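Pasted below: data.tsv, TSV, C-alpha atoms.
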```tsv
chain	number	residue	atom	x	y	z
A	212	LEU	CA	0.00	0.00	0.00
A	213	CYS	CA	3.00	2.30	0.10
A	214	ALA	CA	3.69	4.43	-2.98
A	215	ALA	CA	5.08	7.76	-4.03
A	216	VAL	CA	7.23	8.54	-1.00
A	217	LEU	CA	9.11	11.79	-1.36
A	218	ARG	CA	10.73	11.87	2.07
A	219	LYS	CA	10.71	10.03	5.36
A	220	THR	CA	7.53	10.42	7.34
A	221	PRO	CA	8.16	12.72	10.33
A	222	SER	CA	7.70	11.36	13.82
A	223	PRO	CA	4.55	12.32	15.74
A	224	ARG	CA	6.58	14.45	18.16
A	225	ARG	CA	7.67	16.73	15.30
A	226	THR	CA	4.25	16.85	13.64
A	227	PRO	CA	2.70	20.35	13.76
A	228	ILE	CA	-0.53	20.87	15.62
A	229	GLY	CA	-2.55	21.50	12.45
A	230	CYS	CA	-1.71	18.07	11.02
A	231	ARG	CA	-2.43	16.46	14.38
A	232	LEU	CA	-5.89	18.02	14.45
A	233	VAL	CA	-6.71	16.91	10.89
A	234	PHE	CA	-5.56	13.32	11.40
A	235	GLY	CA	-7.12	13.15	14.86
A	236	ILE	CA	-10.52	14.21	13.51
A	237	CYS	CA	-10.20	11.63	10.72
A	238	LEU	CA	-9.53	8.90	13.27
A	239	ALA	CA	-12.38	10.03	15.53
A	240	ILE	CA	-14.89	10.04	12.66
A	241	HIS	CA	-13.76	6.56	11.58
A	242	CYS	CA	-14.23	5.24	15.13
A	243	LEU	CA	-17.68	6.83	15.22
A	244	SER	CA	-18.66	5.14	11.95
A	245	VAL	CA	-17.63	1.78	13.39
A	246	TRP	CA	-19.20	2.11	16.86
A	247	ASP	CA	-22.47	3.86	15.94
A	248	HIS	CA	-23.01	3.87	12.21
A	249	HIS	CA	-26.59	5.11	12.49
A	250	PHE	CA	-25.51	8.25	14.36
A	251	PHE	CA	-22.65	8.69	11.88
A	252	VAL	CA	-25.12	8.70	8.97
A	253	MET	CA	-27.34	11.23	10.79
A	254	LEU	CA	-24.45	13.72	10.93
A	255	ASP	CA	-24.38	14.05	7.10
A	256	LEU	CA	-20.61	14.25	6.82
A	257	THR	CA	-19.99	12.77	3.37
A	258	CYS	CA	-20.26	14.82	0.18
A	259	ARG	CA	-23.45	13.95	-1.73
A	260	PRO	CA	-24.11	16.38	-4.63
A	261	ALA	CA	-27.91	16.19	-4.47
A	262	ASP	CA	-27.98	17.02	-0.75
A	263	VAL	CA	-25.39	19.78	-1.11
A	264	VAL	CA	-27.15	21.60	-3.95
A	265	PHE	CA	-30.84	20.90	-3.36
A	266	GLY	CA	-30.71	20.46	0.41
A	267	LEU	CA	-28.21	23.31	0.95
A	268	GLN	CA	-26.09	21.11	3.22
A	269	LEU	CA	-22.94	23.08	2.53
A	270	HIS	CA	-21.09	21.71	5.54
A	271	ARG	CA	-20.58	18.49	3.58
A	272	LEU	CA	-18.16	20.28	1.22
A	273	PHE	CA	-15.36	20.58	3.79
A	274	LEU	CA	-16.30	17.91	6.34
A	275	ALA	CA	-16.16	15.16	3.72
A	276	SER	CA	-12.35	15.37	3.69
A	277	PHE	CA	-12.25	13.99	7.25
A	278	VAL	CA	-14.39	10.93	6.54
A	279	HIS	CA	-12.83	7.46	6.04
A	280	THR	CA	-15.03	4.44	6.61
A	281	HIS	CA	-12.41	1.81	5.71
A	282	LEU	CA	-9.42	1.33	8.01
A	283	PRO	CA	-6.85	0.50	5.25
A	284	SER	CA	-7.95	3.61	3.37
A	285	LEU	CA	-7.52	5.71	6.51
A	286	PHE	CA	-4.02	4.36	7.22
A	287	PHE	CA	-2.88	4.84	3.64
A	288	SER	CA	-4.25	8.38	3.35
A	289	VAL	CA	-2.71	9.49	6.65
A	290	TRP	CA	0.62	7.90	5.78
A	291	LEU	CA	0.58	9.50	2.33
A	292	CYS	CA	-0.44	12.98	3.54
A	293	TRP	CA	1.67	13.12	6.68
A	294	SER	CA	4.91	14.54	5.30
A	295	ARG	CA	3.19	16.65	2.62
A	296	PHE	CA	0.83	18.36	5.06
A	297	ALA	CA	3.63	18.88	7.59
A	298	CYS	CA	5.68	20.60	4.90
A	299	LEU	CA	2.77	22.86	3.95
A	300	GLU	CA	2.20	23.82	7.58
A	301	ALA	CA	5.90	24.56	8.04
A	302	ASN	CA	5.75	26.96	5.09
A	303	TRP	CA	2.39	28.65	5.75
A	304	GLY	CA	1.99	28.31	9.50
A	305	THR	CA	-0.70	26.46	11.40
A	306	LEU	CA	-3.48	28.92	10.63
A	307	GLY	CA	-2.48	29.14	6.97
A	308	PHE	CA	-2.50	25.34	6.65
A	309	LEU	CA	-5.97	25.06	8.20
A	310	VAL	CA	-7.28	27.82	5.93
A	311	TRP	CA	-5.79	26.02	2.92
A	312	PHE	CA	-7.31	22.70	4.01
A	313	PHE	CA	-10.85	24.02	4.33
A	314	PHE	CA	-10.60	26.27	1.26
A	315	VAL	CA	-9.32	23.55	-1.09
A	316	SER	CA	-11.84	21.04	0.27
A	317	LEU	CA	-14.61	23.52	-0.41
A	318	VAL	CA	-13.39	24.24	-3.96
A	319	ILE	CA	-12.77	20.62	-4.99
A	320	HIS	CA	-16.00	19.20	-3.60
A	321	GLY	CA	-18.00	22.17	-4.88
A	322	THR	CA	-16.59	21.64	-8.37
A	323	TYR	CA	-17.35	17.93	-8.10
A	324	CYS	CA	-20.98	18.60	-7.17
A	325	PHE	CA	-21.41	21.03	-10.06
A	326	ALA	CA	-19.79	18.66	-12.56
A	327	THR	CA	-21.80	15.69	-11.32
A	328	LEU	CA	-25.19	17.40	-11.54
A	329	THR	CA	-24.50	19.00	-14.92
A	330	VAL	CA	-22.45	16.42	-16.83
A	331	GLY	CA	-22.50	13.24	-14.74
A	332	THR	CA	-26.27	12.87	-14.78
A	333	ILE	CA	-26.19	12.63	-18.59
A	334	PHE	CA	-24.32	9.32	-18.39
A	335	ASP	CA	-25.66	8.17	-15.00
A	336	PRO	CA	-28.97	9.55	-13.68
A	337	THR	CA	-28.13	8.39	-10.14
A	338	ALA	CA	-24.74	10.13	-10.05
A	339	GLY	CA	-26.08	12.91	-7.83
A	340	THR	CA	-26.84	10.49	-5.00
A	341	GLY	CA	-23.34	9.02	-4.79
A	342	GLU	CA	-21.03	9.83	-1.88
A	343	VAL	CA	-17.38	10.88	-1.94
A	344	LYS	CA	-15.08	11.36	1.02
A	345	GLY	CA	-11.49	11.25	2.18
A	346	LEU	CA	-8.21	13.15	1.98
A	347	TYR	CA	-7.28	11.81	-1.46
A	348	PRO	CA	-8.54	14.75	-3.57
A	349	LEU	CA	-6.38	17.16	-1.57
A	350	ILE	CA	-3.21	15.09	-1.83
A	351	VAL	CA	-3.78	14.42	-5.55
A	352	ALA	CA	-4.13	18.14	-6.20
A	353	ASN	CA	-0.98	18.82	-4.18
A	354	PHE	CA	0.96	16.18	-6.13
A	355	VAL	CA	-0.16	17.69	-9.45
A	356	VAL	CA	1.05	21.15	-8.45
A	357	SER	CA	4.36	19.71	-7.19
A	358	ALA	CA	4.81	17.86	-10.48
A	359	ARG	CA	4.69	21.19	-12.35
A	360	GLU	CA	7.62	22.47	-10.30
A	361	SER	CA	9.74	19.27	-10.38
A	362	ALA	CA	8.56	17.34	-13.42
A	363	ASP	CA	11.91	15.59	-14.00
A	364	ALA	CA	12.14	14.17	-10.47
A	365	GLN	CA	12.02	10.39	-10.03
A	366	VAL	CA	10.00	8.76	-7.26
A	367	TRP	CA	10.59	5.28	-5.85
A	368	LEU	CA	7.39	3.26	-5.48
A	369	TRP	CA	8.41	1.47	-2.30
A	370	PRO	CA	8.48	-1.52	-1.78
A	371	LEU	CA	8.37	-2.23	-5.51
A	372	PRO	CA	11.65	-1.85	-7.43
A	373	LEU	CA	10.10	0.79	-9.66
A	374	HIS	CA	10.89	4.45	-10.24
A	375	VAL	CA	8.39	6.69	-12.00
A	376	SER	CA	8.33	10.32	-12.99
A	377	MET	CA	6.78	12.85	-10.66
A	378	ARG	CA	4.06	13.47	-13.24
A	379	ALA	CA	2.91	9.85	-12.89
A	380	VAL	CA	2.52	9.98	-9.09
A	381	PRO	CA	-1.05	11.42	-9.13
A	382	ALA	CA	-2.17	8.65	-11.50
A	383	VAL	CA	-0.64	6.04	-9.17
A	384	VAL	CA	-2.45	7.53	-6.17
A	385	ILE	CA	-5.76	7.61	-8.06
A	386	ALA	CA	-5.36	3.95	-9.04
A	387	LEU	CA	-4.57	2.96	-5.45
A	388	THR	CA	-7.59	4.84	-4.08
A	389	TRP	CA	-9.86	3.00	-6.48
A	390	LEU	CA	-8.22	-0.27	-5.51
A	391	LEU	CA	-8.74	0.38	-1.79
A	392	HIS	CA	-12.40	1.30	-2.19
A	393	TRP	CA	-13.17	-1.27	-4.92
A	394	GLU	CA	-14.98	1.58	-6.65
A	395	ALA	CA	-14.06	4.45	-8.96
A	396	HIS	CA	-14.53	7.75	-7.12
A	397	TYR	CA	-14.48	10.68	-9.51
A	398	ASP	CA	-13.66	13.35	-6.95
A	399	VAL	CA	-9.95	12.55	-7.37
A	400	LEU	CA	-10.32	13.00	-11.13
A	401	VAL	CA	-11.96	16.38	-10.56
A	402	ALA	CA	-9.07	17.34	-8.26
A	403	TYR	CA	-6.56	16.22	-10.92
A	404	VAL	CA	-8.21	18.23	-13.71
A	405	LEU	CA	-8.73	21.27	-11.49
A	406	ALA	CA	-5.10	21.30	-10.35
A	407	THR	CA	-3.89	20.87	-13.93
A	408	VAL	CA	-6.04	23.61	-15.46
A	409	LEU	CA	-6.16	26.07	-12.51
A	410	PRO	CA	-3.17	25.39	-10.23
A	411	ASN	CA	-3.59	28.73	-8.45
A	412	VAL	CA	-6.97	27.56	-7.15
A	413	VAL	CA	-5.61	24.53	-5.27
A	414	GLU	CA	-2.39	26.29	-4.21
A	415	PRO	CA	-3.57	29.87	-3.71
A	416	ASP	CA	-1.76	32.72	-2.04
A	417	LEU	CA	-3.70	32.78	1.21
A	418	ALA	CA	-1.46	35.24	3.05
A	419	ARG	CA	-3.93	38.10	2.76
A	420	LEU	CA	-6.93	35.93	3.65
A	421	THR	CA	-5.11	34.41	6.62
A	422	ASP	CA	-4.13	37.87	7.85
A	423	SER	CA	-7.75	39.04	7.59
A	424	ILE	CA	-9.05	35.97	9.43
A	425	GLU	CA	-6.52	36.37	12.22
A	426	LYS	CA	-7.71	39.95	12.81
A	427	THR	CA	-11.28	38.82	13.48
A	428	ALA	CA	-12.50	37.89	16.96
A	429	ILE	CA	-12.95	34.19	16.14
A	430	GLY	CA	-9.65	33.99	14.28
A	431	GLY	CA	-7.79	35.66	17.12
A	432	PHE	CA	-9.35	33.26	19.64
A	433	VAL	CA	-8.38	30.22	17.52
A	434	VAL	CA	-4.81	31.45	17.09
A	435	SER	CA	-4.45	32.20	20.81
A	436	TRP	CA	-5.73	28.69	21.60
A	437	LEU	CA	-3.39	27.03	19.09
A	438	GLN	CA	-0.44	29.00	20.43
A	439	GLY	CA	-0.76	27.08	23.68
A	440	PHE	CA	0.69	24.00	21.95
A	441	ASP	CA	4.42	23.55	21.53
A	442	SER	CA	3.95	22.31	17.96
A	443	PHE	CA	2.26	25.55	16.82
A	444	VAL	CA	3.87	27.06	13.71
A	445	CYS	CA	3.79	30.83	13.26
A	446	ARG	CA	2.82	32.08	9.83
A	447	PRO	CA	5.16	34.31	7.83
A	448	PRO	CA	4.37	38.03	8.12
A	449	TYR	CA	2.06	39.51	5.50
A	450	LEU	CA	3.75	42.52	3.91
A	451	GLY	CA	0.89	43.37	1.56
A	452	SER	CA	0.75	43.60	-2.20
A	453	TYR	CA	2.37	46.22	-4.41
A	454	GLU	CA	-0.90	48.09	-4.79
A	455	ASP	CA	-1.43	48.20	-1.02
A	456	SER	CA	2.10	49.51	-0.48
A	457	ALA	CA	1.62	52.19	-3.15
A	458	GLN	CA	-1.69	53.31	-1.66
A	459	LEU	CA	-0.22	53.34	1.85
A	460	SER	CA	2.80	55.44	0.81
A	461	LYS	CA	0.54	57.83	-1.10
A	462	LYS	CA	-1.74	58.17	1.92
A	463	GLU	CA	1.19	58.80	4.25
A	464	SER	CA	2.71	61.44	1.95
A	465	TRP	CA	-0.70	63.19	1.66
A	466	SER	CA	-1.19	63.16	5.41
A	467	GLU	CA	2.28	64.59	5.99
A	468	THR	CA	1.63	67.33	3.42
A	469	SER	CA	-1.82	68.21	4.70
A	470	LEU	CA	-1.06	68.06	8.43
A	471	SER	CA	2.35	69.72	8.46
A	472	PRO	CA	2.20	73.36	9.73
A	473	PRO	CA	3.32	76.16	7.35
A	474	LEU	CA	6.91	77.25	7.65
A	475	PRO	CA	7.33	80.59	9.46
A	476	SER	CA	8.67	83.54	7.48
A	477	PRO	CA	12.20	84.67	8.43
A	478	PRO	CA	12.36	87.74	10.70
A	479	PRO	CA	13.36	91.03	9.04
A	480	VAL	CA	16.93	92.22	9.51
A	481	SER	CA	17.24	95.46	11.50
A	482	GLY	CA	18.07	98.51	9.36
A	483	VAL	CA	17.01	96.86	6.12
A	484	ALA	CA	13.54	97.36	4.74
A	485	ALA	CA	11.58	94.32	3.78
A	486	LEU	CA	11.41	93.96	0.03
A	487	PRO	CA	8.44	92.11	-1.49
A	488	VAL	CA	9.01	89.40	-3.98
A	489	PHE	CA	7.37	91.23	-6.84
A	490	SER	CA	9.55	94.36	-6.20
A	491	VAL	CA	12.64	92.20	-6.46
A	492	GLY	CA	11.48	91.00	-9.84
A	493	ALA	CA	10.65	94.57	-10.83
A	494	ALA	CA	14.02	95.81	-9.66
A	495	VAL	CA	15.81	93.10	-11.54
A	496	SER	CA	13.84	93.78	-14.69
A	497	GLY	CA	14.43	97.53	-14.31
A	498	SER	CA	18.18	97.14	-13.87
A	499	THR	CA	18.25	94.81	-16.86
A	500	ALA	CA	16.43	97.39	-18.98
A	501	ALA	CA	18.78	100.17	-17.86
A	502	SER	CA	21.82	98.07	-18.71
A	503	THR	CA	20.39	97.34	-22.15
A	504	THR	CA	19.78	101.10	-22.78
A	505	ALA	CA	23.30	102.03	-21.70
A	506	LEU	CA	24.76	99.33	-23.98
A	507	ASP	CA	22.72	100.66	-26.92
A	508	GLU	CA	24.03	104.19	-26.32
A	509	LEU	CA	27.64	102.94	-26.27
A	510	LEU	CA	27.09	101.11	-29.54
```

Any chance you could give the structure as structure tokens?
Amino acid sequence: LCAAVLRKTPSPRRTPIGCRLVFGICLAIHCLSVWDHHFFVMLDLTCRPADVVFGLQLHRLFLASFVHTHLPSLFFSVWLCWSRFACLEANWGTLGFLVWFFFVSLVIHGTYCFATLTVGTIFDPTAGTGEVKGLYPLIVANFVVSARESADAQVWLWPLPLHVSMRAVPAVVIALTWLLHWEAHYDVLVAYVLATVLPNVVEPDLARLTDSIEKTAIGGFVVSWLQGFDSFVCRPPYLGSYEDSAQLSKKESWSETSLSPPLPSPPPVSGVAALPVFSVGAAVSGSTAASTTALDELL
């Protein structure tokens, strides 16, 4: 069940708190589905396009990523996502990773629901009642974006003595997910196409959004709670875009110009009469005219 390993899986002690929360919720939901399946079904956690669109059960779009009803599928998905998610959290911080997780889950499952109800029902009228779940769409999308940056890299499919290109890793993961579920789930195909056509959607620049969320009351409370853990990762500072910097500098220069007091006029020197500016110009022009007249007389 092991494939497409890019690096050694980090130990749980070095795992950031965001990854621990995601994998812990996945394990808790799996235990709930085993112990009380009726109550698990009542929670409406899986992504079903008909219920999402017609029943407006929008919570399914991001909660479906936590759901794994098969234990081998849960172990494989956690093992496959562990190092990748830890790397993302190390780069974006704990809050940035959680924002990315919920945002990408919302986008991928929302696109899947739209595609299923518009195109899928043409080939299968019951496609809207099917359920999709799991972390696989997120990791497939992340592998596709990574393949664009390092397309020539070779990956060892452990324990098989095979090495494949980085571009083939998403296809291997998709095949393994179908093998584990004994069913073709098309949400991973939607994630693959979406990451190929619009890579900025699955790997967006969430620095501005994360900064805005952290400034809210709920975001500040969540960050202060997460900071109590030793494995919390601080996000990089948001410096703003070029347009924001230009507007800020323009606003500061305007405020300095408008609020600065006028410069006082120099005091007059004793014994010398104050000469207005226009008289200086007149005197200069007069002396220039007199010099021109005297030069004409000499000539």

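Across the model, the gap from CA of Ile236 in chain A to CA of Val252 in chain A is 16.3 Å.
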
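Take CA of Phe286 in chain A and CA of Tyr397 in chain A: the distance between them is 20.7 Å.
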
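The gap separating CA of His241 in chain A from CA of Leu272 in chain A is 17.7 Å, in Å to one decimal.
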
From (1.6, 8.7, -6.5), in the file's coordinates, out to 9 Å: which residues are reached, counting all atoms listed in the file? Answer as a PyMOL selection string. chain A and resi 214-216+291+351+354+366+368+375+377-387

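The residue that comes closest to His270 in chain A, out of A:Ile228, A:Asp247, A:Leu317, A:Trp311 and on the basis of only C-alpha atoms, is A:Leu317.
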
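Excluding range 434-443 of chain A and any residue on its chain fewer than 4 positions from it, the residues at most 8 Å away by only C-alpha atoms are Arg225, Thr226, Pro227, Ile228, Gly229, Gly304, Thr305, Leu306, Glu425 and Gly430 of chain A.
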
Phe314 in chain A surroundings by all atoms listed in the file, 10 Å radius, close-in-sequence under 6 positions cut, as a ChimeraX atom specification: /A:272-273,308,412-415,417

Counting only C-alpha atoms, which residue out of A:Tyr449, A:Phe234, A:Tyr403, A:Trp389 sits closest to Trp293 in chain A? A:Phe234

Measuring between only C-alpha atoms, which one of A:Tyr347, A:Phe334, A:Phe277, A:Trp303 shows the shortest distance to Asp416 in chain A?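 That would be A:Trp303, the residue with the smallest distance to Asp416 in chain A.
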
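Closest approach to Cys230 in chain A from the set A:Thr332, A:Ser294, A:Ser316, A:Thr280 is made by A:Ser294, with distances taken over all atoms listed in the file.
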
List the spatial neighbours of range 338-345 of chain A as a ChimeraX atom specification - criterion: any atom at most 6 Å away, only C-alpha atoms, same-chain residues fewer than 3 positions off excluded. /A:257-261,275-279,328,332,335

Which one is closest to Trp393 in chain A: A:Arg419, A:Arg295, A:Arg359, A:His281? Count all atoms listed in the file. A:His281

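Among the candidates A:Leu285, A:Val404, A:Val233, A:Ile424, the one nearest to Val356 in chain A when counting only C-alpha atoms is A:Val404.
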